[in-house]
Structure formats: C-alpha cells, structure tokens
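Participant: So that you have it, the file is entry-v1.txt, and it contains compact mmCIF, C-alpha atoms:
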```
# COMPACT_ATOMS: atom_id res chain seq x y z
CA LEU A 1 8.29 -1.58 17.78
CA GLU A 2 8.69 0.94 15.05
CA PHE A 3 10.49 4.09 16.15
CA ARG A 4 10.83 6.99 13.76
CA ARG A 5 10.36 10.71 13.52
CA VAL A 6 6.61 11.11 13.34
CA LEU A 7 5.81 12.38 9.86
CA PHE A 8 2.14 11.96 10.68
CA ARG A 9 1.48 12.57 14.36
CA SER A 10 -1.06 9.79 14.64
CA HIS A 11 -2.48 6.98 12.53
CA HIS A 12 -5.92 8.34 13.49
CA LEU A 13 -5.46 11.75 11.86
CA HIS A 14 -7.68 12.69 8.98
CA MET A 15 -5.63 12.63 5.78
CA GLY A 16 -6.38 16.32 5.27
CA ASP A 17 -4.52 17.14 8.50
CA ALA A 18 -1.41 15.18 7.56
CA THR A 19 1.90 16.68 6.55
CA VAL A 20 4.86 15.01 4.86
CA ASP A 21 8.54 15.49 5.64
CA LYS A 22 9.38 16.82 2.19
CA GLU A 23 13.16 16.79 2.61
CA ALA A 24 13.09 13.17 3.78
CA PHE A 25 10.95 12.25 0.79
CA GLN A 26 13.31 13.98 -1.63
CA ARG A 27 16.40 12.36 -0.13
CA ARG A 28 14.89 8.88 -0.13
CA PHE A 29 13.20 9.03 -3.51
CA ASP A 30 16.42 10.27 -5.10
CA SER A 31 18.30 7.37 -3.52
CA LEU A 32 15.76 4.96 -5.06
CA LEU A 33 16.28 6.50 -8.50
CA ALA A 34 20.07 6.32 -8.09
CA LEU A 35 19.93 2.67 -7.00
CA TRP A 36 17.74 1.84 -10.01
CA SER A 37 20.75 2.19 -12.31
CA THR A 38 23.16 0.11 -10.22
CA SER A 39 21.15 -2.61 -8.45
CA LYS A 40 21.12 -6.00 -10.19
CA ASP A 41 17.52 -6.44 -9.03
CA LEU A 42 16.33 -3.10 -10.46
CA SER A 43 18.51 -2.12 -13.39
CA ASP A 44 16.80 -4.36 -15.96
CA ALA A 45 13.36 -2.86 -15.26
CA SER A 46 12.16 -0.04 -17.49
CA VAL A 47 9.23 0.87 -15.24
CA LEU A 48 8.42 0.07 -11.60
CA VAL A 49 4.81 -0.73 -10.74
CA ILE A 50 3.95 -0.96 -7.04
CA PRO A 51 0.20 -1.33 -6.45
CA ALA A 52 -1.27 -1.40 -2.94
CA GLY A 53 -4.67 -2.85 -2.12
CA LYS A 54 -6.50 -3.02 1.17
CA ILE A 55 -4.39 -3.40 4.30
CA ASP A 56 -4.73 -5.77 7.25
CA SER A 57 -2.39 -6.85 10.05
CA GLU A 58 -0.51 -9.26 7.79
CA ASP A 59 -0.03 -6.66 5.07
CA ARG A 60 1.83 -4.28 7.37
CA ALA A 61 5.00 -6.30 6.80
CA LYS A 62 4.74 -6.10 3.01
CA LYS A 63 7.43 -4.17 1.11
CA THR A 64 4.63 -2.33 -0.70
CA PHE A 65 3.58 -0.56 2.49
CA ALA A 66 7.12 -0.37 3.89
CA LEU A 67 8.13 1.65 0.82
CA GLN A 68 5.14 3.96 1.24
CA ARG A 69 5.99 4.59 4.91
CA TRP A 70 9.64 5.14 4.02
CA LEU A 71 8.80 7.77 1.40
CA PHE A 72 5.76 9.48 2.92
CA GLY A 73 5.61 8.33 6.55
CA TRP A 74 2.24 6.68 6.00
CA ALA A 75 0.89 3.37 4.74
CA MET A 76 -1.61 4.20 1.99
CA PRO A 77 -3.94 1.36 1.03
CA GLU A 78 -5.62 1.43 -2.37
CA THR A 79 -2.79 3.53 -3.83
CA ILE A 80 -0.86 2.70 -7.01
CA PHE A 81 2.69 3.86 -7.81
CA VAL A 82 3.93 3.73 -11.41
CA ILE A 83 7.52 4.97 -11.66
CA SER A 84 9.56 5.63 -14.78
CA LYS A 85 12.91 7.38 -14.99
CA ALA A 86 11.04 10.59 -15.86
CA LYS A 87 7.72 10.38 -14.02
CA LEU A 88 6.12 9.25 -10.75
CA ALA A 89 2.42 8.60 -11.32
CA VAL A 90 0.18 7.95 -8.33
CA LEU A 91 -3.38 6.65 -8.55
CA SER A 92 -5.46 7.03 -5.39
CA SER A 93 -8.35 8.86 -3.75
CA LYS A 94 -8.56 12.65 -3.68
CA LYS A 95 -7.60 12.89 0.01
CA LYS A 96 -4.48 10.76 -0.35
CA LEU A 97 -3.44 12.62 -3.48
CA GLU A 98 -3.66 15.90 -1.56
CA VAL A 99 -1.17 14.53 0.96
CA ILE A 100 1.17 13.14 -1.70
CA GLY A 101 0.91 16.39 -3.65
CA GLN A 102 2.76 18.18 -0.86
CA VAL A 103 6.05 16.82 -2.26
CA LYS A 104 5.46 18.12 -5.80
CA GLU A 105 8.17 20.78 -5.54
CA HIS A 106 10.57 18.27 -3.97
CA CYS A 107 10.17 15.49 -6.53
CA SER A 108 13.14 15.36 -8.89
CA ILE A 109 11.00 13.94 -11.70
CA GLU A 110 7.48 14.79 -12.88
CA LEU A 111 4.79 13.96 -10.30
CA ALA A 112 1.45 13.00 -11.88
CA LEU A 113 -1.51 12.72 -9.49
CA CYS A 114 -4.26 10.50 -10.89
CA ASN A 115 -7.68 10.67 -9.25
CA LYS A 116 -9.45 7.31 -9.07
CA ASP A 117 -12.68 8.98 -10.22
CA ASP A 118 -11.16 10.09 -13.52
CA GLU A 119 -12.58 7.76 -16.17
CA THR A 120 -9.52 8.17 -18.43
CA VAL A 121 -6.89 7.53 -15.75
CA LEU A 122 -6.49 3.79 -16.35
CA GLU A 123 -5.84 4.34 -20.05
CA THR A 124 -3.27 7.02 -19.17
CA LEU A 125 -1.42 4.71 -16.79
CA LYS A 126 -1.56 1.79 -19.22
CA LYS A 127 -0.07 4.00 -21.93
CA MET A 128 2.71 5.12 -19.57
CA ILE A 129 3.59 1.50 -18.73
CA ASN A 130 3.54 0.38 -22.39
CA GLU A 131 5.51 3.37 -23.66
CA GLU A 132 8.47 2.48 -21.48
CA GLY A 133 8.85 -0.89 -23.20
CA GLY A 134 11.19 -3.46 -21.70
CA LYS A 135 10.42 -5.26 -18.48
CA ILE A 136 7.94 -4.24 -15.82
CA GLY A 137 9.38 -4.36 -12.32
CA VAL A 138 6.97 -5.60 -9.63
CA LEU A 139 6.99 -7.10 -6.15
CA LYS A 140 5.96 -10.54 -7.37
CA ASN A 141 5.11 -12.01 -3.98
CA GLU A 142 2.69 -9.16 -3.26
CA LEU A 143 0.45 -9.31 -6.33
CA THR A 144 -2.44 -11.14 -4.65
CA GLN A 145 -3.89 -8.16 -2.83
CA THR A 146 -7.52 -7.09 -2.91
CA GLY A 147 -9.36 -3.80 -3.15
CA LYS A 148 -11.50 -1.89 -5.63
CA ILE A 149 -8.78 0.45 -6.97
CA TYR A 150 -6.16 -2.31 -6.89
CA THR A 151 -8.36 -4.71 -8.87
CA LYS A 152 -9.39 -2.12 -11.45
CA PHE A 153 -5.75 -1.17 -12.01
CA MET A 154 -4.49 -4.74 -12.29
CA GLU A 155 -7.27 -5.70 -14.72
CA GLY A 156 -7.16 -2.49 -16.75
CA CYS A 157 -3.45 -1.66 -16.94
CA MET A 158 -1.31 -4.71 -16.31
CA PRO A 159 -0.58 -7.68 -18.61
CA LYS A 160 -2.61 -10.75 -17.69
CA ASN A 161 0.55 -12.86 -17.70
CA LEU A 162 3.23 -11.36 -15.44
CA SER A 163 5.60 -14.32 -15.67
CA GLN A 164 8.00 -12.17 -17.70
CA ALA A 165 7.86 -9.30 -15.21
CA LEU A 166 10.98 -8.60 -13.18
CA ASP A 167 10.84 -9.23 -9.45
CA ILE A 168 12.24 -6.12 -7.77
CA SER A 169 11.83 -7.35 -4.18
CA GLY A 170 15.58 -7.56 -3.66
CA GLY A 171 16.12 -4.07 -5.03
CA VAL A 172 13.44 -2.53 -2.81
CA ALA A 173 14.88 -4.34 0.21
CA GLU A 174 18.34 -3.05 -0.71
CA CYS A 175 16.99 0.49 -0.87
CA LEU A 176 15.18 0.25 2.46
CA ALA A 177 18.18 -1.35 4.17
CA VAL A 178 20.37 1.75 3.85
CA LYS A 179 19.82 3.86 6.97
CA ASP A 180 20.84 7.45 7.56
CA SER A 181 22.03 8.61 10.99
CA HIS A 182 18.52 9.52 12.09
CA GLU A 183 17.12 6.12 11.15
CA VAL A 184 19.98 4.36 12.94
CA ALA A 185 19.26 6.38 16.09
CA CYS A 186 15.57 5.47 15.81
CA ALA A 187 16.38 1.76 15.46
CA GLU A 188 18.61 1.92 18.53
CA LYS A 189 15.84 3.52 20.60
CA ALA A 190 13.25 1.01 19.38
CA SER A 191 15.63 -1.84 20.25
CA LEU A 192 16.11 -0.40 23.75
CA ILE A 193 12.36 -0.34 24.37
CA VAL A 194 11.85 -3.87 23.00
CA ALA A 195 14.73 -5.29 25.08
CA THR A 196 13.48 -3.51 28.21
CA ALA A 197 9.93 -4.75 27.63
CA MET A 198 11.28 -8.29 27.43
CA GLU A 199 13.30 -7.85 30.63
CA LYS A 200 10.89 -5.82 32.75
CA LYS A 201 7.57 -7.20 31.59
CA VAL A 202 7.67 -10.56 29.84
CA THR A 203 10.49 -12.22 31.80
CA ASN A 204 9.20 -10.99 35.16
CA VAL A 205 5.67 -12.25 34.53
CA ILE A 206 6.89 -15.66 33.35
CA THR A 207 9.31 -16.00 36.28
CA GLN A 208 6.59 -15.09 38.76
CA ALA A 209 4.18 -17.61 37.22
CA ILE A 210 6.81 -20.36 37.48
CA ASP A 211 7.74 -19.47 41.07
CA GLU A 212 4.10 -19.44 42.15
CA ASN A 213 3.24 -22.51 40.06
CA LYS A 214 0.46 -20.64 38.29
CA LEU A 215 -0.78 -20.95 34.73
CA LYS A 216 -0.31 -17.93 32.46
CA THR A 217 -1.86 -18.05 29.02
CA HIS A 218 -0.20 -16.68 25.93
CA ALA A 219 -3.21 -14.39 25.48
CA ALA A 220 -2.88 -12.88 28.96
CA LEU A 221 0.86 -12.30 28.59
CA THR A 222 0.37 -10.79 25.13
CA LYS A 223 -2.35 -8.45 26.41
CA SER A 224 -0.39 -7.26 29.44
CA THR A 225 2.68 -6.53 27.30
CA LYS A 226 0.58 -4.78 24.66
CA ASP A 227 -1.22 -2.71 27.31
CA ALA A 228 2.07 -1.54 28.81
CA LEU A 229 3.03 -0.03 25.45
CA ASP A 230 -0.42 1.32 24.59
CA GLU A 231 -0.43 5.02 23.68
CA ASP A 232 -2.39 5.80 26.86
CA ASN A 233 0.18 4.07 29.08
CA ILE A 234 3.47 4.45 27.22
CA THR A 235 4.71 7.58 29.04
CA ARG A 236 4.19 6.05 32.49
CA THR A 237 5.67 2.73 31.34
CA LEU A 238 8.85 4.34 30.01
CA GLN A 239 9.19 6.33 33.23
CA LEU A 240 8.94 3.15 35.30
CA TRP A 241 11.53 1.48 33.08
CA GLY A 242 13.99 4.37 33.33
CA ILE A 243 13.71 5.33 29.64
CA PRO A 244 13.38 9.02 28.65
CA THR A 245 9.67 9.79 28.48
CA ASP A 246 10.06 11.99 25.40
CA TYR A 247 10.43 8.73 23.45
CA ALA A 248 6.66 8.41 23.87
CA ASP A 249 6.17 11.20 21.32
CA HIS A 250 7.83 9.10 18.63
CA VAL A 251 7.14 5.45 19.40
CA GLU A 252 4.31 3.27 18.22
CA VAL A 253 3.76 -0.46 18.31
CA ALA A 254 4.15 -1.79 14.77
CA THR A 255 2.49 -5.11 15.60
CA ASP A 256 1.11 -6.84 18.68
CA PRO A 257 3.60 -8.94 20.68
CA VAL A 258 3.99 -12.48 19.34
CA ILE A 259 4.31 -14.78 22.35
CA GLN A 260 4.26 -18.55 22.00
CA SER A 261 5.97 -21.63 23.38
CA GLY A 262 6.47 -25.28 22.56
CA SER A 263 7.58 -26.84 19.30
CA GLN A 264 4.45 -26.01 17.28
CA GLY A 265 4.87 -22.23 17.24
CA LYS A 266 4.17 -20.29 14.07
CA PHE A 267 5.30 -16.71 13.52
CA ASN A 268 2.16 -15.05 12.26
CA MET A 269 1.48 -11.35 12.79
CA SER A 270 -2.29 -11.74 12.87
CA ARG A 271 -2.64 -14.92 14.89
CA THR A 272 -4.64 -15.06 18.10
CA PHE A 273 -3.37 -16.58 21.31
CA THR A 274 -4.89 -18.84 23.92
```
Could you take the file, read its structure, and then write that structure out as structure tokens?

Facilitator:
Amino acid sequence: LEFRRVLFRSHHLHMGDATVDKEAFQRRFDSLLALWSTSKDLSDASVLVIPAGKIDSEDRAKKTFALQRWLFGWAMPETIFVISKAKLAVLSSKKKLEVIGQVKEHCSIELALCNKDDETVLETLKKMINEEGGKIGVLKNELTQTGKIYTKFMEGCMPKNLSQALDISGGVAECLAVKDSHEVACAEKASLIVATAMEKKVTNVITQAIDENKLKTHAALTKSTKDALDEDNITRTLQLWGIPTDYADHVEVATDPVIQSGSQGKFNMSRTFT
C-alpha cells in the first residue's frame, strides 16, 4: 500500500483538475538540490537527466516515477526532467506542463516548461545539457523505456554512448529515503493496513482452506484481498478491521497483492496467478 496525503485526489482525475502541494514540492526539490553537492552519487554530475517514457505495472517501482510522485504527487509518463544547478527544464504535453507550472513561484531555480509540440525544444534541451559540460547524471538501469516523447528526446538530445554517464540511482534513493514527520506517519498507517490485511484476510482464508481441506488458488486469494482494499470497499473494510475509516480518504493500493507459494516463486509486480 502507498499511504500519503493526496496531492491529486484520484488517479482518474483529468490533469486540468489536478493541484500540486506547492510547499511540499519546494521543500523536497530544495532538499534534492542540497544533496546534489554532498552525495557521493550525485556530486560529480553537472546535469541530471531523468526521462520518463510510457508506464505499466512494472514501471511503477522505477525511481523515475517515484521521484515524480515525490515532487508532484503524480506519476507523469512521457515527461522529461533536465536539471542543472540553475534551471529545471521539463518536456511534456501541454496538460502536464499546466500542472507542473503551478509550482513556478515555489521553484528556487528557473523553471522552463517545454511543450512537446515546439519544433525547437529538442535543440534547446540539447544545448542546455551540453553547456553544463562534465558528466551527465542518469538512472542507468531505467534507460530502456519506450514512448514517443521519450524516444525523440533520447535520440535528439542525449549522447549515443552513455557509458561515461554517471549513475545517480544511489543519490536519488538517498534523497527519497529521508522522510519528514508526515511521511513517517503515512508509512506507519500504510504498514498498519498491510499487516491487518495479512492477519484478517490472507491468514484467515488460508487457515480456513487448510481446516476444510479445500483448494484455494493464488488467483482467488489475490482477488479477494485486492477486492477488500478496492476504493469501493475500503471504507467498509477498514471499519470491519477496526481501523479509522478516514484513512480511506488517503489510501490507495500501489500494486496488486503478490501471493505465491512453493520454491519457484518470483517477485514480479505484473505477474498473473493461477
């Protein structure tokens, strides 16, 4: 489960209806800039390039999208971040740029919004990257994404050989690992719901199946657990479990339950169960 103050009330909102917690953005972005000078995984980079392509269930765990959610409260596919010490440039669609633009007055460095339909934007971003000189910092394990904007950016702005680029995965993880009091409280509440789901739902169903000598498939157990935490059922479920129902306003399932047994299990967010 992912529990956090809802910066966007629902993942189904139109981007035009979305609002960003500007103070949270400012606090977190400033902490990233401060860490840039001290982290051994970031300090040697002269520019940070964090491109996001299309998103699927496996991509939700990527640091690319984790950083977007941390800063803006929203995973934004087909969105490119280029960050220097003086400028944050964002390449995306008009709708996403309107959402990101809400933080313009709260960004401690220049915020440049680059519309994907601007024919000169790739040259502008390439110039920004080259002008910084030194090493380009990237999330090296996440450079195999797909998507129209992602591909155009990688082919038009980035060096073809990124072997000399600096892997900033450790630095981004270090930045995301530091939690303020609100985030700690959110993690505690998410942990409570996960532990209670395991006790009240998963364990009870498995115990009953064993006692009655019945077969219970992984798929059935996964579905019943997922359904209990579905947005249509979450309030009633929390009430039955003795958890404050106002948690339902702030909780969402980050990924489907992963339930498997035996020695051949494989932890895979997008796998199907039988």

Participant: With a distance cut-off of 12 Å and all atoms listed in the file, select the neighbouring residues of A:Asp118, excluding the residue or stretch itself and same-chain residues fewer than 5 positions from it, and output the selection as JSON, numbers by chain.

Facilitator: {"A": [91, 92, 93, 94, 113, 123, 124, 125, 149]}

Participant: Report the distance between atom CA of A:Lys54 and atom CA of A:Tyr150 in Å, rounded to one decimal place.

Facilitator: 8.1 Å

Participant: In Å, rounded to a single decimal, give me how far atom CA of A:Lys62 is from atom CA of A:Val172.

Facilitator: 11.1 Å

Participant: Would you mind reading off the distance between atom CA of A:Lys223 and atom CA of A:Pro77, one decimal, in Å?

Facilitator: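 Between atom CA of A:Lys223 and atom CA of A:Pro77 the gap is 27.3 Å.
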
Participant: Using all atoms listed in the file, which of A:Ala187, A:Val205, A:Met198, A:Trp70 sits nearest A:Val258?

Facilitator: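 Nearest candidate to A:Val258 out of A:Ala187, A:Val205, A:Met198, A:Trp70: A:Met198.
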
Participant: Give the answer as one residue: which of A:Ala52, A:Ala248, A:Ala18, A:Leu143 has the shortest atom-to-atom distance to A:Gln68, using all atoms listed in the file?

Facilitator: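 Smallest separation from A:Gln68 among the options: A:Ala52.
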
Participant: Give me, as JSON, numbers by chain, all polymer residues having an atom no more than 12 Å from A:Ala34, counting all atoms listed in the file and skipping those fewer than 6 positions away in the same chain.

Facilitator: {"A": [27, 28, 42, 43, 85, 108, 171, 175]}

Participant: Taking all atoms listed in the file into account, name the residue in A:Leu192, A:Ala219, A:Leu32, A:Ala254 that is nearest to A:Trp241.

Facilitator: A:Leu192

Participant: As a list in words, please: the residues near A:Ser46 (cut-off 7 Å, only C-alpha atoms, same-chain neighbours under 2 positions excluded).

Facilitator: Asp44, Leu48, Ser84, Glu132, Gly133, Gly134, Lys135 and Ile136 of chain A

Participant: Calculated over all atoms listed in the file, which of the candidates A:Leu97, A:Met128, A:Ile243, A:Ala89 has the smallest distance to A:Ala195?

Facilitator: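 Residue with the minimum atom-to-atom distance to A:Ala195: A:Ile243.
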
Participant: Select, from A:Thr146, A:Thr217, A:Gln239, A:Asn130, the residue with the minimum atom-to-atom distance to A:Thr196, counting all atoms listed in the file.

Facilitator: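 Using all atoms listed in the file, A:Thr196 sits closest to A:Gln239.
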
Participant: Mind dumping stretch 218-230 of chain A from that block, keeping all heavy atoms, as a PDB file, in the first residue's frame?

Facilitator:
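What ended up in part_19.pdb:
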```
ATOM      1  N   HIS A 218      -3.933 -19.250  -5.950  1.00  0.00           N
ATOM      2  CA  HIS A 218      -3.296 -17.960  -5.732  1.00  0.00           C
ATOM      3  C   HIS A 218      -4.158 -16.840  -6.308  1.00  0.00           C
ATOM      4  O   HIS A 218      -4.277 -15.759  -5.707  1.00  0.00           O
ATOM      5  CB  HIS A 218      -1.922 -17.925  -6.396  1.00  0.00           C
ATOM      6  CG  HIS A 218      -0.918 -18.833  -5.756  1.00  0.00           C
ATOM      7  ND1 HIS A 218      -0.004 -19.542  -6.483  1.00  0.00           N
ATOM      8  CD2 HIS A 218      -0.695 -19.148  -4.455  1.00  0.00           C
ATOM      9  CE1 HIS A 218       0.757 -20.256  -5.667  1.00  0.00           C
ATOM     10  NE2 HIS A 218       0.354 -20.034  -4.436  1.00  0.00           N
ATOM     11  N   ALA A 219      -4.752 -17.098  -7.484  1.00  0.00           N
ATOM     12  CA  ALA A 219      -5.553 -16.073  -8.153  1.00  0.00           C
ATOM     13  C   ALA A 219      -6.756 -15.677  -7.308  1.00  0.00           C
ATOM     14  O   ALA A 219      -7.082 -14.491  -7.176  1.00  0.00           O
ATOM     15  CB  ALA A 219      -6.012 -16.581  -9.520  1.00  0.00           C
ATOM     16  N   ALA A 220      -7.427 -16.671  -6.724  1.00  0.00           N
ATOM     17  CA  ALA A 220      -8.613 -16.378  -5.913  1.00  0.00           C
ATOM     18  C   ALA A 220      -8.245 -15.596  -4.655  1.00  0.00           C
ATOM     19  O   ALA A 220      -8.939 -14.653  -4.261  1.00  0.00           O
ATOM     20  CB  ALA A 220      -9.317 -17.683  -5.538  1.00  0.00           C
ATOM     21  N   LEU A 221      -7.150 -15.983  -4.022  1.00  0.00           N
ATOM     22  CA  LEU A 221      -6.718 -15.293  -2.808  1.00  0.00           C
ATOM     23  C   LEU A 221      -6.254 -13.869  -3.129  1.00  0.00           C
ATOM     24  O   LEU A 221      -6.534 -12.921  -2.391  1.00  0.00           O
ATOM     25  CB  LEU A 221      -5.593 -16.084  -2.133  1.00  0.00           C
ATOM     26  CG  LEU A 221      -5.094 -15.560  -0.782  1.00  0.00           C
ATOM     27  CD1 LEU A 221      -6.242 -15.357   0.183  1.00  0.00           C
ATOM     28  CD2 LEU A 221      -4.063 -16.519  -0.201  1.00  0.00           C
ATOM     29  N   THR A 222      -5.568 -13.724  -4.247  1.00  0.00           N
ATOM     30  CA  THR A 222      -5.138 -12.384  -4.674  1.00  0.00           C
ATOM     31  C   THR A 222      -6.343 -11.494  -4.936  1.00  0.00           C
ATOM     32  O   THR A 222      -6.389 -10.342  -4.494  1.00  0.00           O
ATOM     33  CB  THR A 222      -4.288 -12.482  -5.956  1.00  0.00           C
ATOM     34  OG1 THR A 222      -3.088 -13.213  -5.674  1.00  0.00           O
ATOM     35  CG2 THR A 222      -3.920 -11.112  -6.488  1.00  0.00           C
ATOM     36  N   LYS A 223      -7.344 -12.034  -5.646  1.00  0.00           N
ATOM     37  CA  LYS A 223      -8.526 -11.238  -5.993  1.00  0.00           C
ATOM     38  C   LYS A 223      -9.314 -10.835  -4.750  1.00  0.00           C
ATOM     39  O   LYS A 223      -9.744  -9.688  -4.621  1.00  0.00           O
ATOM     40  CB  LYS A 223      -9.425 -12.009  -6.944  1.00  0.00           C
ATOM     41  CG  LYS A 223     -10.637 -11.199  -7.429  1.00  0.00           C
ATOM     42  CD  LYS A 223     -11.480 -11.982  -8.419  1.00  0.00           C
ATOM     43  CE  LYS A 223     -12.592 -11.113  -9.002  1.00  0.00           C
ATOM     44  NZ  LYS A 223     -13.445 -10.492  -7.975  1.00  0.00           N
ATOM     45  N   SER A 224      -9.500 -11.761  -3.814  1.00  0.00           N
ATOM     46  CA  SER A 224     -10.289 -11.440  -2.623  1.00  0.00           C
ATOM     47  C   SER A 224      -9.593 -10.381  -1.768  1.00  0.00           C
ATOM     48  O   SER A 224     -10.240  -9.507  -1.190  1.00  0.00           O
ATOM     49  CB  SER A 224     -10.560 -12.701  -1.798  1.00  0.00           C
ATOM     50  OG  SER A 224      -9.353 -13.237  -1.287  1.00  0.00           O
ATOM     51  N   THR A 225      -8.262 -10.460  -1.697  1.00  0.00           N
ATOM     52  CA  THR A 225      -7.511  -9.457  -0.937  1.00  0.00           C
ATOM     53  C   THR A 225      -7.560  -8.105  -1.636  1.00  0.00           C
ATOM     54  O   THR A 225      -7.752  -7.061  -1.005  1.00  0.00           O
ATOM     55  CB  THR A 225      -6.043  -9.895  -0.769  1.00  0.00           C
ATOM     56  OG1 THR A 225      -6.001 -11.207  -0.194  1.00  0.00           O
ATOM     57  CG2 THR A 225      -5.290  -8.940   0.138  1.00  0.00           C
ATOM     58  N   LYS A 226      -7.390  -8.130  -2.949  1.00  0.00           N
ATOM     59  CA  LYS A 226      -7.452  -6.895  -3.740  1.00  0.00           C
ATOM     60  C   LYS A 226      -8.831  -6.254  -3.623  1.00  0.00           C
ATOM     61  O   LYS A 226      -8.950  -5.030  -3.442  1.00  0.00           O
ATOM     62  CB  LYS A 226      -7.133  -7.213  -5.200  1.00  0.00           C
ATOM     63  CG  LYS A 226      -7.255  -6.021  -6.140  1.00  0.00           C
ATOM     64  CD  LYS A 226      -6.991  -6.440  -7.572  1.00  0.00           C
ATOM     65  CE  LYS A 226      -7.203  -5.280  -8.543  1.00  0.00           C
ATOM     66  NZ  LYS A 226      -7.004  -5.702  -9.953  1.00  0.00           N
ATOM     67  N   ASP A 227      -9.893  -7.067  -3.709  1.00  0.00           N
ATOM     68  CA  ASP A 227     -11.254  -6.541  -3.643  1.00  0.00           C
ATOM     69  C   ASP A 227     -11.542  -5.885  -2.298  1.00  0.00           C
ATOM     70  O   ASP A 227     -12.268  -4.884  -2.221  1.00  0.00           O
ATOM     71  CB  ASP A 227     -12.271  -7.652  -3.902  1.00  0.00           C
ATOM     72  CG  ASP A 227     -12.273  -8.115  -5.356  1.00  0.00           C
ATOM     73  OD1 ASP A 227     -11.688  -7.406  -6.203  1.00  0.00           O
ATOM     74  OD2 ASP A 227     -12.846  -9.183  -5.635  1.00  0.00           O
ATOM     75  N   ALA A 228     -10.979  -6.440  -1.232  1.00  0.00           N
ATOM     76  CA  ALA A 228     -11.215  -5.880   0.102  1.00  0.00           C
ATOM     77  C   ALA A 228     -10.678  -4.468   0.229  1.00  0.00           C
ATOM     78  O   ALA A 228     -11.196  -3.646   0.992  1.00  0.00           O
ATOM     79  CB  ALA A 228     -10.575  -6.772   1.170  1.00  0.00           C
ATOM     80  N   LEU A 229      -9.617  -4.170  -0.552  1.00  0.00           N
ATOM     81  CA  LEU A 229      -8.977  -2.859  -0.479  1.00  0.00           C
ATOM     82  C   LEU A 229      -9.320  -1.979  -1.676  1.00  0.00           C
ATOM     83  O   LEU A 229      -8.733  -0.909  -1.850  1.00  0.00           O
ATOM     84  CB  LEU A 229      -7.458  -3.032  -0.379  1.00  0.00           C
ATOM     85  CG  LEU A 229      -6.980  -3.783   0.870  1.00  0.00           C
ATOM     86  CD1 LEU A 229      -5.493  -4.054   0.791  1.00  0.00           C
ATOM     87  CD2 LEU A 229      -7.310  -3.003   2.134  1.00  0.00           C
ATOM     88  N   ASP A 230     -10.269  -2.438  -2.496  1.00  0.00           N
ATOM     89  CA  ASP A 230     -10.716  -1.638  -3.630  1.00  0.00           C
ATOM     90  C   ASP A 230     -11.351  -0.348  -3.132  1.00  0.00           C
ATOM     91  O   ASP A 230     -11.919  -0.303  -2.045  1.00  0.00           O
ATOM     92  CB  ASP A 230     -11.719  -2.442  -4.463  1.00  0.00           C
ATOM     93  CG  ASP A 230     -12.171  -1.701  -5.691  1.00  0.00           C
ATOM     94  OD1 ASP A 230     -11.475  -1.737  -6.711  1.00  0.00           O
ATOM     95  OD2 ASP A 230     -13.243  -1.065  -5.617  1.00  0.00           O
TER      96      ASP A 230
END
```
